[in-house]
$ cat target-v1.tsv   # TSV, C-alpha atoms
chain	number	residue	atom	x	y	z
A	1	MET	CA	171.60	100.18	44.76
A	2	ASN	CA	170.95	101.55	48.23
A	3	THR	CA	171.81	105.13	49.03
A	4	CYS	CA	174.48	105.94	51.61
A	5	ASP	CA	171.76	107.31	53.93
A	6	GLU	CA	169.90	103.99	53.83
A	7	ILE	CA	173.11	102.07	54.40
A	8	GLN	CA	174.08	104.24	57.34
A	9	LEU	CA	170.74	103.58	58.99
A	10	LEU	CA	171.25	99.84	58.59
A	11	MET	CA	174.85	100.09	59.81
A	12	ASN	CA	173.58	100.36	63.37
A	13	ASP	CA	171.72	97.08	63.07
A	14	ARG	CA	174.72	95.58	61.28
A	15	ILE	CA	177.07	96.49	64.10
A	16	ASP	CA	174.57	95.27	66.72
A	17	GLY	CA	174.23	91.92	64.90
A	18	LEU	CA	170.53	92.46	64.26
A	19	LEU	CA	170.52	91.96	60.48
A	20	ASP	CA	169.81	88.76	58.58
A	21	SER	CA	172.64	87.41	56.46
A	22	GLU	CA	171.20	88.72	53.19
A	23	SER	CA	170.97	92.32	54.47
A	24	ALA	CA	174.41	92.05	56.04
A	25	ARG	CA	175.85	90.86	52.72
A	26	MET	CA	174.20	93.76	50.90
A	27	ILE	CA	175.74	96.26	53.32
A	28	ASP	CA	179.15	94.65	53.09
A	29	GLU	CA	179.01	94.90	49.30
A	30	HIS	CA	178.17	98.60	49.56
A	31	LEU	CA	180.94	99.19	52.09
A	32	ALA	CA	183.49	97.51	49.85
A	33	ALA	CA	182.73	100.08	47.17
A	34	CYS	CA	182.06	103.21	49.28
A	35	ASP	CA	184.90	104.97	51.14
A	36	SER	CA	182.53	107.40	52.85
A	37	CYS	CA	180.32	104.70	54.41
A	38	ARG	CA	183.39	102.68	55.36
A	39	GLU	CA	184.74	105.67	57.27
A	40	GLU	CA	181.37	106.17	58.95
A	41	LEU	CA	181.33	102.54	60.03
A	42	ALA	CA	184.89	102.76	61.37
A	43	MET	CA	183.95	105.89	63.35
A	44	LEU	CA	180.82	104.24	64.71
A	45	ALA	CA	182.82	101.19	65.78
A	46	ARG	CA	185.34	103.45	67.51
A	47	VAL	CA	182.63	105.36	69.39
A	48	LEU	CA	180.98	102.13	70.54
A	49	GLU	CA	184.28	100.59	71.61
A	50	GLU	CA	185.00	103.66	73.71
A	51	ALA	CA	181.47	103.63	75.13
A	52	HIS	CA	181.80	99.99	76.18
A	53	GLU	CA	185.11	100.77	77.89
A	54	LEU	CA	183.94	103.80	79.86
A	55	PRO	CA	184.49	103.19	83.57
A	56	ALA	CA	181.28	102.02	85.21
A	57	GLY	CA	181.86	104.07	88.33
A	58	ILE	CA	182.53	107.78	88.77
A	59	GLU	CA	183.09	108.99	92.31
A	60	PRO	CA	181.03	112.06	93.21
A	61	ASP	CA	182.86	115.32	93.92
A	62	ARG	CA	181.63	115.32	97.49
A	63	ASP	CA	180.52	112.78	100.05
A	64	LEU	CA	176.75	112.45	99.61
A	65	TRP	CA	176.29	110.11	102.57
A	66	PRO	CA	175.70	112.77	105.29
A	67	ASP	CA	172.71	114.14	103.35
A	68	ILE	CA	171.41	110.63	102.64
A	69	ARG	CA	171.80	109.66	106.30
A	70	ALA	CA	169.92	112.76	107.43
A	71	ARG	CA	167.09	111.93	105.06
A	72	ILE	CA	166.77	108.26	105.96
A	73	GLU	CA	166.80	109.10	109.65
A	74	ARG	CA	163.82	111.36	109.02
A	75	ALA	CA	162.14	108.85	106.68
A	76	PRO	CA	159.90	106.04	107.92
A	77	ALA	CA	162.10	103.10	108.80
A	78	VAL	CA	161.91	99.75	107.11
A	79	VAL	CA	159.17	97.67	108.77
A	80	PRO	CA	161.29	95.15	110.66
A	81	PHE	CA	159.05	92.14	110.28
A	82	ALA	CA	160.90	88.85	110.51
A	83	PRO	CA	160.38	86.79	107.33
A	84	ARG	CA	158.78	83.46	108.20
A	85	ALA	CA	156.54	80.98	106.44
A	86	GLY	CA	152.81	81.48	106.87
A	87	HIS	CA	151.01	80.10	103.87
A	88	LEU	CA	147.47	80.18	105.22
A	89	LEU	CA	147.47	83.74	106.50
A	90	ARG	CA	149.59	84.91	103.60
A	91	ASN	CA	146.97	83.58	101.22
A	92	VAL	CA	144.19	85.16	103.21
A	93	PHE	CA	145.85	88.56	103.10
A	94	ALA	CA	146.81	88.20	99.47
A	95	LEU	CA	143.25	87.24	98.59
A	96	ALA	CA	141.91	90.16	100.61
A	97	ALA	CA	144.23	92.53	98.81
A	98	MET	CA	143.36	90.98	95.46
A	99	ALA	CA	139.65	91.20	96.17
A	100	ALA	CA	139.98	94.84	97.10
A	101	MET	CA	141.95	95.44	93.93
A	102	VAL	CA	139.33	93.70	91.79
A	103	PHE	CA	136.64	95.74	93.53
A	104	GLY	CA	138.61	98.89	92.75
A	105	LEU	CA	138.92	97.88	89.08
A	106	LEU	CA	135.22	97.09	88.85
A	107	THR	CA	134.43	100.46	90.36
A	108	LEU	CA	136.74	102.09	87.85
A	109	ARG	CA	134.87	100.50	84.96
A	110	GLN	CA	131.69	102.23	86.10
A	111	VAL	CA	133.26	105.70	86.10
A	112	PRO	CA	133.76	107.40	82.74
A	113	PRO	CA	137.42	108.49	82.39
A	114	ALA	CA	136.48	112.09	81.57
A	115	ILE	CA	134.31	112.62	84.64
A	116	ALA	CA	136.44	115.49	85.94
A	117	PRO	CA	138.97	117.82	84.35
A	118	PRO	CA	142.61	116.62	84.62
A	119	VAL	CA	143.71	119.59	86.72
A	120	ALA	CA	141.05	118.89	89.36
A	121	GLU	CA	142.02	115.19	89.41
A	122	LEU	CA	145.69	115.97	89.92
A	123	THR	CA	144.85	118.17	92.89
A	124	GLU	CA	142.65	115.42	94.27
A	125	MET	CA	145.47	112.91	93.72
A	126	GLN	CA	147.87	115.07	95.67
A	127	LYS	CA	145.42	115.14	98.58
A	128	ILE	CA	144.98	111.39	98.40
A	129	GLU	CA	148.76	110.91	98.37
A	130	ALA	CA	149.17	113.14	101.43
A	131	ASP	CA	146.37	111.36	103.32
A	132	TYR	CA	147.79	107.98	102.37
A	133	ARG	CA	151.31	108.82	103.52
A	134	LYS	CA	150.10	110.20	106.84
A	135	ALA	CA	147.82	107.23	107.47
A	136	LYS	CA	150.56	104.78	106.54
A	137	ASP	CA	153.18	106.49	108.72
A	138	ASP	CA	150.79	106.63	111.69
A	139	LEU	CA	149.75	102.99	111.32
A	140	LEU	CA	153.33	101.79	110.90
A	141	ALA	CA	154.33	103.71	114.03
A	142	VAL	CA	151.56	101.99	116.02
A	143	LEU	CA	152.37	98.64	114.48
A	144	ARG	CA	156.04	98.86	115.37
A	145	GLU	CA	155.08	99.31	119.02
A	146	GLN	CA	152.62	96.42	119.06
A	147	GLN	CA	153.96	93.92	116.55
A	148	ASP	CA	155.52	91.71	119.22
A	149	GLY	CA	152.02	90.61	120.23
A	150	LEU	CA	151.31	89.12	116.81
A	151	PRO	CA	152.14	85.54	115.88
A	152	PRO	CA	155.22	85.32	113.62
A	153	ASP	CA	153.18	83.77	110.82
A	154	THR	CA	150.85	86.74	110.83
A	155	LEU	CA	153.73	89.18	110.70
A	156	ALA	CA	155.28	87.29	107.81
A	157	ALA	CA	151.99	87.20	105.93
A	158	VAL	CA	151.43	90.93	106.44
A	159	GLU	CA	154.97	91.70	105.38
A	160	GLU	CA	154.56	89.72	102.19
A	161	SER	CA	151.19	91.25	101.36
A	162	LEU	CA	152.57	94.75	102.01
A	163	GLY	CA	155.44	93.94	99.68
A	164	ALA	CA	153.02	92.91	96.94
A	165	ILE	CA	150.93	96.05	97.38
A	166	GLU	CA	153.98	98.31	97.48
A	167	SER	CA	155.20	96.70	94.26
A	168	ALA	CA	151.83	97.51	92.70
A	169	VAL	CA	152.10	101.10	93.99
A	170	HIS	CA	155.57	101.40	92.51
A	171	ASP	CA	154.44	100.03	89.13
A	172	LEU	CA	151.45	102.37	89.02
A	173	GLN	CA	153.59	105.36	90.01
A	174	THR	CA	156.04	104.46	87.24
A	175	ALA	CA	153.17	104.14	84.77
A	176	LEU	CA	151.80	107.50	85.92
A	177	ASN	CA	155.17	109.11	85.35
A	178	THR	CA	154.95	107.84	81.79
A	179	ALA	CA	151.38	109.07	81.39
A	180	PRO	CA	150.99	111.95	83.87
A	181	GLY	CA	147.39	112.82	84.66
A	182	ASP	CA	145.97	109.51	83.35
A	183	SER	CA	142.75	109.41	85.36
A	184	ARG	CA	142.37	105.61	85.19
A	185	LEU	CA	145.88	105.09	86.51
A	186	GLU	CA	145.28	107.65	89.25
A	187	ARG	CA	142.14	105.87	90.38
A	188	MET	CA	143.94	102.52	90.35
A	189	LEU	CA	146.73	104.04	92.42
A	190	ALA	CA	144.23	105.52	94.86
A	191	ALA	CA	142.52	102.10	95.16
A	192	THR	CA	145.88	100.47	95.84
A	193	TYR	CA	146.66	103.06	98.52
A	194	ARG	CA	143.32	102.24	100.16
A	195	ASN	CA	144.18	98.52	100.07
A	196	GLU	CA	147.47	99.14	101.82
A	197	VAL	CA	145.94	101.35	104.51
A	198	SER	CA	143.13	98.84	104.99
A	199	LEU	CA	145.61	96.00	105.43
A	200	LEU	CA	147.60	98.03	107.93
A	201	GLU	CA	144.41	98.91	109.83
A	202	GLN	CA	143.43	95.24	110.04
A	203	THR	CA	146.91	94.35	111.26
A	204	VAL	CA	146.93	97.08	113.88
A	205	ARG	CA	143.52	95.86	115.07
A	206	LEU	CA	144.84	92.30	115.37
A	207	ALA	CA	147.94	93.54	117.16
A	208	SER	CA	145.86	95.60	119.59
A	209	GLU	CA	143.62	92.61	120.38
A	210	ALA	CA	146.65	90.37	120.90
A	211	ASP	CA	148.25	93.01	123.11
A	212	ALA	CA	145.06	93.29	125.21
A	213	VAL	CA	144.91	89.50	125.68
A	214	GLN	CA	148.54	89.37	126.81
A	215	ARG	CA	147.96	92.08	129.37
B	1	MET	CA	180.34	101.67	110.82
B	2	ASP	CA	184.14	101.68	110.76
B	3	MET	CA	184.12	98.08	111.86
B	4	LEU	CA	181.81	97.21	108.98
B	5	MET	CA	183.97	99.05	106.47
B	6	THR	CA	187.18	97.40	107.54
B	7	ASN	CA	185.84	93.90	108.01
B	8	ALA	CA	186.29	92.30	104.61
B	9	THR	CA	184.43	89.17	105.69
B	10	VAL	CA	181.09	90.98	105.87
B	11	THR	CA	179.20	90.04	102.72
B	12	GLU	CA	176.76	92.19	100.82
B	13	GLU	CA	174.00	89.79	101.85
B	14	GLU	CA	174.83	90.27	105.52
B	15	LEU	CA	174.91	94.03	105.10
B	16	VAL	CA	171.50	93.93	103.42
B	17	ASP	CA	170.10	91.77	106.23
B	18	ARG	CA	171.41	94.20	108.85
B	19	ALA	CA	170.14	97.21	106.94
B	20	LYS	CA	166.70	95.60	106.67
B	21	LYS	CA	166.67	95.50	110.46
B	22	GLY	CA	167.36	99.23	110.58
B	23	ASP	CA	171.18	99.20	110.83
B	24	VAL	CA	172.15	102.52	109.22
B	25	GLY	CA	175.86	101.68	109.48
B	26	ALA	CA	175.34	98.58	107.33
B	27	PHE	CA	173.45	100.68	104.82
B	28	GLU	CA	176.32	103.16	104.74
B	29	ALA	CA	178.65	100.29	103.84
B	30	LEU	CA	176.30	99.42	100.97
B	31	TYR	CA	176.36	103.08	99.91
B	32	ARG	CA	180.18	103.17	99.97
B	33	ALA	CA	180.36	100.01	97.85
B	34	ASN	CA	177.86	101.25	95.26
B	35	SER	CA	178.00	105.06	95.20
B	36	GLY	CA	180.47	105.32	92.30
B	37	ARG	CA	178.46	102.99	90.10
B	38	VAL	CA	175.19	104.76	90.91
B	39	TYR	CA	176.69	108.24	90.49
B	40	GLY	CA	178.27	107.27	87.14
B	41	LEU	CA	174.90	106.08	85.88
B	42	CYS	CA	173.11	109.21	87.14
B	43	LEU	CA	175.72	111.60	85.76
B	44	ARG	CA	175.56	110.04	82.32
B	45	MET	CA	171.77	109.82	82.31
B	46	THR	CA	171.37	113.48	83.28
B	47	GLY	CA	174.51	115.16	81.93
B	48	ASN	CA	174.31	117.43	84.95
B	49	VAL	CA	176.36	117.21	88.17
B	50	ALA	CA	173.86	118.79	90.56
B	51	GLU	CA	171.00	116.73	89.21
B	52	ALA	CA	173.08	113.56	89.35
B	53	GLU	CA	173.90	114.23	93.03
B	54	ASP	CA	170.20	114.73	93.79
B	55	LEU	CA	169.37	111.50	91.98
B	56	VAL	CA	172.01	109.52	93.88
B	57	GLN	CA	170.59	110.75	97.17
B	58	GLU	CA	167.06	109.95	96.08
B	59	ALA	CA	168.09	106.49	94.85
B	60	PHE	CA	169.66	105.54	98.18
B	61	VAL	CA	166.78	106.99	100.21
B	62	ARG	CA	164.32	104.99	98.07
B	63	ALA	CA	166.50	101.89	98.39
B	64	TRP	CA	166.41	102.27	102.19
B	65	GLN	CA	162.64	102.70	102.18
B	66	LYS	CA	162.07	99.76	99.83
B	67	LEU	CA	164.69	97.45	101.23
B	68	ASN	CA	162.02	95.16	102.65
B	69	LEU	CA	160.93	94.52	99.03
B	70	PHE	CA	164.40	93.26	98.08
B	71	ARG	CA	164.18	89.47	98.14
B	72	GLY	CA	167.77	88.69	97.27
B	73	GLU	CA	166.82	87.13	93.93
B	74	SER	CA	169.55	89.24	92.31
B	75	ALA	CA	172.60	91.02	93.71
B	76	PHE	CA	171.78	94.13	95.74
B	77	SER	CA	173.85	96.17	93.26
B	78	THR	CA	171.68	94.89	90.37
B	79	TRP	CA	168.47	95.75	92.23
B	80	LEU	CA	169.84	99.19	93.13
B	81	HIS	CA	170.93	99.78	89.54
B	82	ARG	CA	167.45	99.01	88.21
B	83	LEU	CA	165.84	101.18	90.87
B	84	THR	CA	168.18	104.03	89.88
B	85	VAL	CA	167.42	103.65	86.17
B	86	ASN	CA	163.67	103.83	86.89
B	87	LEU	CA	164.18	106.81	89.12
B	88	ALA	CA	166.40	108.61	86.60
B	89	LEU	CA	163.79	108.15	83.91
B	90	THR	CA	160.85	109.26	86.02
B	91	ASN	CA	162.83	112.08	87.56
B	92	ARG	CA	163.89	113.34	84.16
B	93	ARG	CA	160.30	113.42	83.04
B	94	SER	CA	159.19	115.48	86.01
B	95	HIS	CA	162.27	117.67	85.75
B	96	ALA	CA	161.58	118.26	82.07
B	97	ARG	CA	158.19	119.66	82.98
B	98	ARG	CA	159.78	122.20	85.28
B	99	VAL	CA	162.73	123.20	83.16
B	100	ALA	CA	162.32	124.05	79.51
B	101	ARG	CA	165.91	123.39	78.57
B	102	VAL	CA	168.44	121.14	80.23
B	103	THR	CA	171.81	122.70	80.91
B	104	VAL	CA	174.48	120.17	80.11
B	105	THR	CA	177.73	120.12	81.92
B	106	ASP	CA	180.84	121.77	80.50
B	107	ASP	CA	182.82	120.58	83.47
B	108	LEU	CA	184.84	117.54	82.46
B	109	ALA	CA	186.55	117.13	85.83
B	110	PRO	CA	184.19	114.40	87.10
B	111	TYR	CA	184.90	112.27	84.04
B	112	GLU	CA	188.63	113.01	83.75
B	113	ARG	CA	189.31	111.89	87.30
B	114	GLU	CA	188.22	108.40	86.32
B	115	THR	CA	190.29	108.19	83.13
B	116	ALA	CA	194.01	108.11	83.80
B	117	ALA	CA	194.69	105.93	80.73
B	118	PRO	CA	196.44	107.33	77.61
B	119	GLN	CA	193.08	107.61	75.85
B	120	ALA	CA	191.72	109.80	78.70
B	121	GLY	CA	191.25	112.75	76.36
B	122	LEU	CA	189.14	110.75	73.95
B	123	ARG	CA	187.04	109.34	76.77
B	124	ALA	CA	186.48	112.79	78.23
B	125	ASP	CA	185.45	114.01	74.78
B	126	LEU	CA	183.02	111.12	74.52
B	127	GLU	CA	181.61	111.81	77.99
B	128	GLN	CA	181.07	115.45	77.08
B	129	ALA	CA	179.51	114.50	73.76
B	130	ILE	CA	177.14	112.10	75.56
B	131	ALA	CA	176.22	114.84	78.05
B	132	SER	CA	175.44	117.15	75.13
B	133	LEU	CA	173.04	114.73	73.43
B	134	PRO	CA	169.32	115.49	73.43
B	135	GLU	CA	167.71	113.93	76.49
B	136	GLY	CA	165.90	111.02	74.84
B	137	ALA	CA	168.84	110.04	72.68
B	138	ARG	CA	171.24	110.32	75.63
B	139	ARG	CA	169.15	108.09	77.89
B	140	VAL	CA	168.81	105.36	75.28
B	141	PHE	CA	172.50	105.54	74.33
B	142	VAL	CA	173.63	105.29	77.96
B	143	LEU	CA	171.32	102.37	78.68
B	144	HIS	CA	172.12	100.47	75.46
B	145	ASP	CA	175.74	101.21	74.63
B	146	VAL	CA	177.20	101.95	78.08
B	147	GLU	CA	175.05	99.90	80.46
B	148	GLY	CA	174.32	97.01	78.08
B	149	TYR	CA	170.51	96.99	78.21
B	150	ARG	CA	168.61	95.53	75.23
B	151	HIS	CA	166.10	97.49	73.20
B	152	ALA	CA	163.19	95.44	74.55
B	153	GLU	CA	164.21	96.22	78.16
B	154	ILE	CA	164.73	99.91	77.46
B	155	ALA	CA	161.42	100.16	75.65
B	156	SER	CA	159.70	98.48	78.58
B	157	ILE	CA	161.29	100.72	81.20
B	158	MET	CA	160.70	103.90	79.22
B	159	GLY	CA	157.19	102.97	78.08
B	160	LEU	CA	158.18	103.31	74.42
B	161	ALA	CA	158.00	101.09	71.35
B	162	VAL	CA	161.18	99.24	70.41
B	163	GLY	CA	161.21	101.11	67.10
B	164	THR	CA	161.34	104.39	69.01
B	165	THR	CA	164.30	103.34	71.16
B	166	LYS	CA	166.11	102.14	68.03
B	167	ALA	CA	165.49	105.47	66.33
B	168	GLN	CA	166.77	107.32	69.42
B	169	LEU	CA	169.87	105.13	69.51
B	170	HIS	CA	170.61	105.72	65.84
B	171	ARG	CA	170.20	109.44	66.37
B	172	ALA	CA	172.53	109.41	69.37
B	173	ARG	CA	175.20	107.46	67.52
B	174	ARG	CA	175.00	109.76	64.50
B	175	LEU	CA	175.33	112.85	66.69
B	176	LEU	CA	178.26	111.32	68.56
B	177	ARG	CA	180.03	110.41	65.32
B	178	GLU	CA	179.58	113.99	64.14
B	179	ALA	CA	180.74	115.44	67.45
B	180	LEU	CA	183.86	113.28	67.60
B	181	ALA	CA	184.80	113.33	63.89

$ encode --input "target-v1.tsv" --output "structure tokens"
Amino acid sequence: MNTCDEIQLLMNDRIDGLLDSESARMIDEHLAACDSCREELAMLARVLEEAHELPAGIEPDRDLWPDIRARIERAPAVVPFAPRAGHLLRNVFALAAMAAMVFGLLTLRQVPPAIAPPVAELTEMQKIEADYRKAKDDLLAVLREQQDGLPPDTLAAVEESLGAIESAVHDLQTALNTAPGDSRLERMLAATYRNEVSLLEQTVRLASEADAVQR
Amino acid sequence: MDMLMTNATVTEEELVDRAKKGDVGAFEALYRANSGRVYGLCLRMTGNVAEAEDLVQEAFVRAWQKLNLFRGESAFSTWLHRLTVNLALTNRRSHARRVARVTVTDDLAPYERETAAPQAGLRADLEQAIASLPEGARRVFVLHDVEGYRHAEIASIMGLAVGTTKAQLHRARRLLREALA
């Protein structure tokens, strides 16, 4: 005979429909004979019913938009590249980014994870982040002024490659938030930052050359 | 902006397209349509009004900055919701490093405004009980039992094993049963 504690643990799976029929039958038999567990199950069902019926939205006490607007007007704007097809260049950029990533991973393999103390690496990471953000902002500012000189396919390819790299940055940042100070993740993130800056530098160079030709 | 807000024929997709081109007014319309949903999620995930407000702001600023990554494969609201969940989880982790103990809200006003039904009292009690849960248990309960995420998804987002999220959910439900008994 199972104890009430064991039954109450399984009740969660029972109510979520995660038990096989044999386990469900065993619980039901216990419930039929145990007032205490039956009451617990009824209470659990009531809590879950209420939870499911909670309103999805709750309006904030105050209008948060003015603060958000002020921040997004200070933040770097969305890069307004027009999305167009550009398979060849897209593949070239994607391959370049991938190659740089692979190079970064190979480099990582050669560096022992414990090469520097975590505190020093965090400080270094903060510097890398600051350098990356400044370089990215500067390059995007230049690119926005010169992007009209680039063929649409190139713009589309760059946009797509930037999207892929930014997704990788986001995933690595999320992973780092789960494992703060993980030196391997930090080096991967730094390598990905370098890839993005490198791609932007190449694009700015192309845009400058195209601009010079048009003049 | 006013024109956008009053023109019911403007779809979410059109607003997203305009916002991607830098139209702040279109983005405001997206904010107005989604702020309650995002704030509700943030308030329940944090149990703290000030922190929830900060998170909402951060979520919309991030959404603006990452809008060019949104490909329209899901609804904007779904994409924004996922972004907010990720942000709430990462933000909580960094916040937890700064603050030893989370102060939960005793103010039920934000919840009570939304519950005019006869069972408003019970709902407000439940909201307060959720806000009082330990952080890990609260996050898993909100994602699983309020937002409808599955254990595998929660485990993936939080970087935990499924067994851990199940244990957190069981703990949350037990504490809520005790609080509401």

$ residues_around --input "target-v1.tsv" --residues "range 49-63 of chain A" --least-positions-apart "3" --cutoff "9 Å" --atoms "only C-alpha atoms" --output "count of residues only"
31

$ closest_residue --input "target-v1.tsv" --among "A:Val142, A:Ala70, A:Asp137, A:Asp13" --to "Gly163 in chain B" --atoms "all atoms listed in the file"
A:Asp13

$ residues_near_point --input "target-v1.tsv" --point "(178.4, 117.4, 72.4)" --cutoff "8 Å" --atoms "all atoms listed in the file" --output "list in words"
Gln128, Ala129, Ile130, Ala131, Ser132, Leu133, Leu175, Leu176 and Ala179 of chain B

$ atom_distance --input "target-v1.tsv" --atom1 "CA of Thr192 in chain A" --atom2 "CA of Glu58 in chain B"
23.2 Å

$ atom_distance --input "target-v1.tsv" --atom1 "CA of Glu196 in chain A" --atom2 "CA of Val56 in chain B"
27.8 Å

$ residues_around --input "target-v1.tsv" --residues "range 79-89 of chain B" --least-positions-apart "3" --cutoff "10 Å" --atoms "all atoms listed in the file" --output "NGL selection string"
(:A and (174 or 177-178)) or (:B and (34 or 37-39 or 41-43 or 45-46 or 51-52 or 55-56 or 58-60 or 62-63 or 66-67 or 70-76 or 92-95 or 136 or 139 or 143 or 147 or 154 or 157-158))

$ write_last_selection --input "target-v1.tsv" --atoms "C-alpha atoms" --output "mmCIF file, keeping the file's coordinate frame"
data_model
loop_
_atom_site.group_PDB
_atom_site.id
_atom_site.type_symbol
_atom_site.label_atom_id
_atom_site.label_comp_id
_atom_site.auth_asym_id
_atom_site.auth_seq_id
_atom_site.Cartn_x
_atom_site.Cartn_y
_atom_site.Cartn_z
ATOM 1 C CA THR A 174 156.040 104.460 87.240
ATOM 2 C CA ASN A 177 155.170 109.110 85.350
ATOM 3 C CA THR A 178 154.950 107.840 81.790
ATOM 4 C CA ASN B 34 177.860 101.250 95.260
ATOM 5 C CA ARG B 37 178.460 102.990 90.100
ATOM 6 C CA VAL B 38 175.190 104.760 90.910
ATOM 7 C CA TYR B 39 176.690 108.240 90.490
ATOM 8 C CA LEU B 41 174.900 106.080 85.880
ATOM 9 C CA CYS B 42 173.110 109.210 87.140
ATOM 10 C CA LEU B 43 175.720 111.600 85.760
ATOM 11 C CA MET B 45 171.770 109.820 82.310
ATOM 12 C CA THR B 46 171.370 113.480 83.280
ATOM 13 C CA GLU B 51 171.000 116.730 89.210
ATOM 14 C CA ALA B 52 173.080 113.560 89.350
ATOM 15 C CA LEU B 55 169.370 111.500 91.980
ATOM 16 C CA VAL B 56 172.010 109.520 93.880
ATOM 17 C CA GLU B 58 167.060 109.950 96.080
ATOM 18 C CA ALA B 59 168.090 106.490 94.850
ATOM 19 C CA PHE B 60 169.660 105.540 98.180
ATOM 20 C CA ARG B 62 164.320 104.990 98.070
ATOM 21 C CA ALA B 63 166.500 101.890 98.390
ATOM 22 C CA LYS B 66 162.070 99.760 99.830
ATOM 23 C CA LEU B 67 164.690 97.450 101.230
ATOM 24 C CA PHE B 70 164.400 93.260 98.080
ATOM 25 C CA ARG B 71 164.180 89.470 98.140
ATOM 26 C CA GLY B 72 167.770 88.690 97.270
ATOM 27 C CA GLU B 73 166.820 87.130 93.930
ATOM 28 C CA SER B 74 169.550 89.240 92.310
ATOM 29 C CA ALA B 75 172.600 91.020 93.710
ATOM 30 C CA PHE B 76 171.780 94.130 95.740
ATOM 31 C CA ARG B 92 163.890 113.340 84.160
ATOM 32 C CA ARG B 93 160.300 113.420 83.040
ATOM 33 C CA SER B 94 159.190 115.480 86.010
ATOM 34 C CA HIS B 95 162.270 117.670 85.750
ATOM 35 C CA GLY B 136 165.900 111.020 74.840
ATOM 36 C CA ARG B 139 169.150 108.090 77.890
ATOM 37 C CA LEU B 143 171.320 102.370 78.680
ATOM 38 C CA GLU B 147 175.050 99.900 80.460
ATOM 39 C CA ILE B 154 164.730 99.910 77.460
ATOM 40 C CA ILE B 157 161.290 100.720 81.200
ATOM 41 C CA MET B 158 160.700 103.900 79.220
#

$ residues_around --input "target-v1.tsv" --residues "Arg150 in chain B" --least-positions-apart "5" --cutoff "12 Å" --atoms "only C-alpha atoms" --output "PyMOL selection string"
(chain A and resi 16+18) or (chain B and resi 140-145+155-157+162+165-166+169)

$ residues_around --input "target-v1.tsv" --residues "Asp17 in chain B" --least-positions-apart "4" --cutoff "12 Å" --atoms "all atoms listed in the file" --output "list in words"
Val78, Pro80, Phe81, Ala82 and Pro83 of chain A; Val10, Thr11, Glu12, Glu13, Lys21, Gly22, Asp23, Val24, Gly25, Ala26, Phe27, Leu30, Trp64, Leu67, Asn68, Leu69, Phe70, Arg71, Gly72 and Phe76 of chain B

$ residues_around --input "target-v1.tsv" --residues "Arg25 in chain A" --least-positions-apart "6" --cutoff "12 Å" --atoms "only C-alpha atoms" --output "number ranges by chain"
A: 7, 10-11, 14, 19, 31-32

$ closest_residue --input "target-v1.tsv" --among "B:Ala152, B:Ala124, B:Ala172, B:Val61" --to "chain A" --atoms "only C-alpha atoms"
B:Val61

$ closest_residue --input "target-v1.tsv" --among "B:Glu178, B:Glu153, B:Glu14, B:Glu135" --to "chain A" --atoms "only C-alpha atoms"
B:Glu178

$ atom_distance --input "target-v1.tsv" --atom1 "CA of Met125 in chain A" --atom2 "CA of His170 in chain A"
15.4 Å

$ closest_residue --input "target-v1.tsv" --among "A:Glu166, A:Glu22, A:Asp138, A:Asp35" --to "chain B" --atoms "all atoms listed in the file"
A:Glu166

$ closest_residue --input "target-v1.tsv" --among "B:Gln65, B:Asn48, B:Gln168, B:Thr78" --to "chain A" --atoms "all atoms listed in the file"
B:Gln65

$ closest_residue --input "target-v1.tsv" --among "B:Gly47, B:Thr90, B:Leu15, B:Ala161" --to "chain A" --atoms "only C-alpha atoms"
B:Thr90
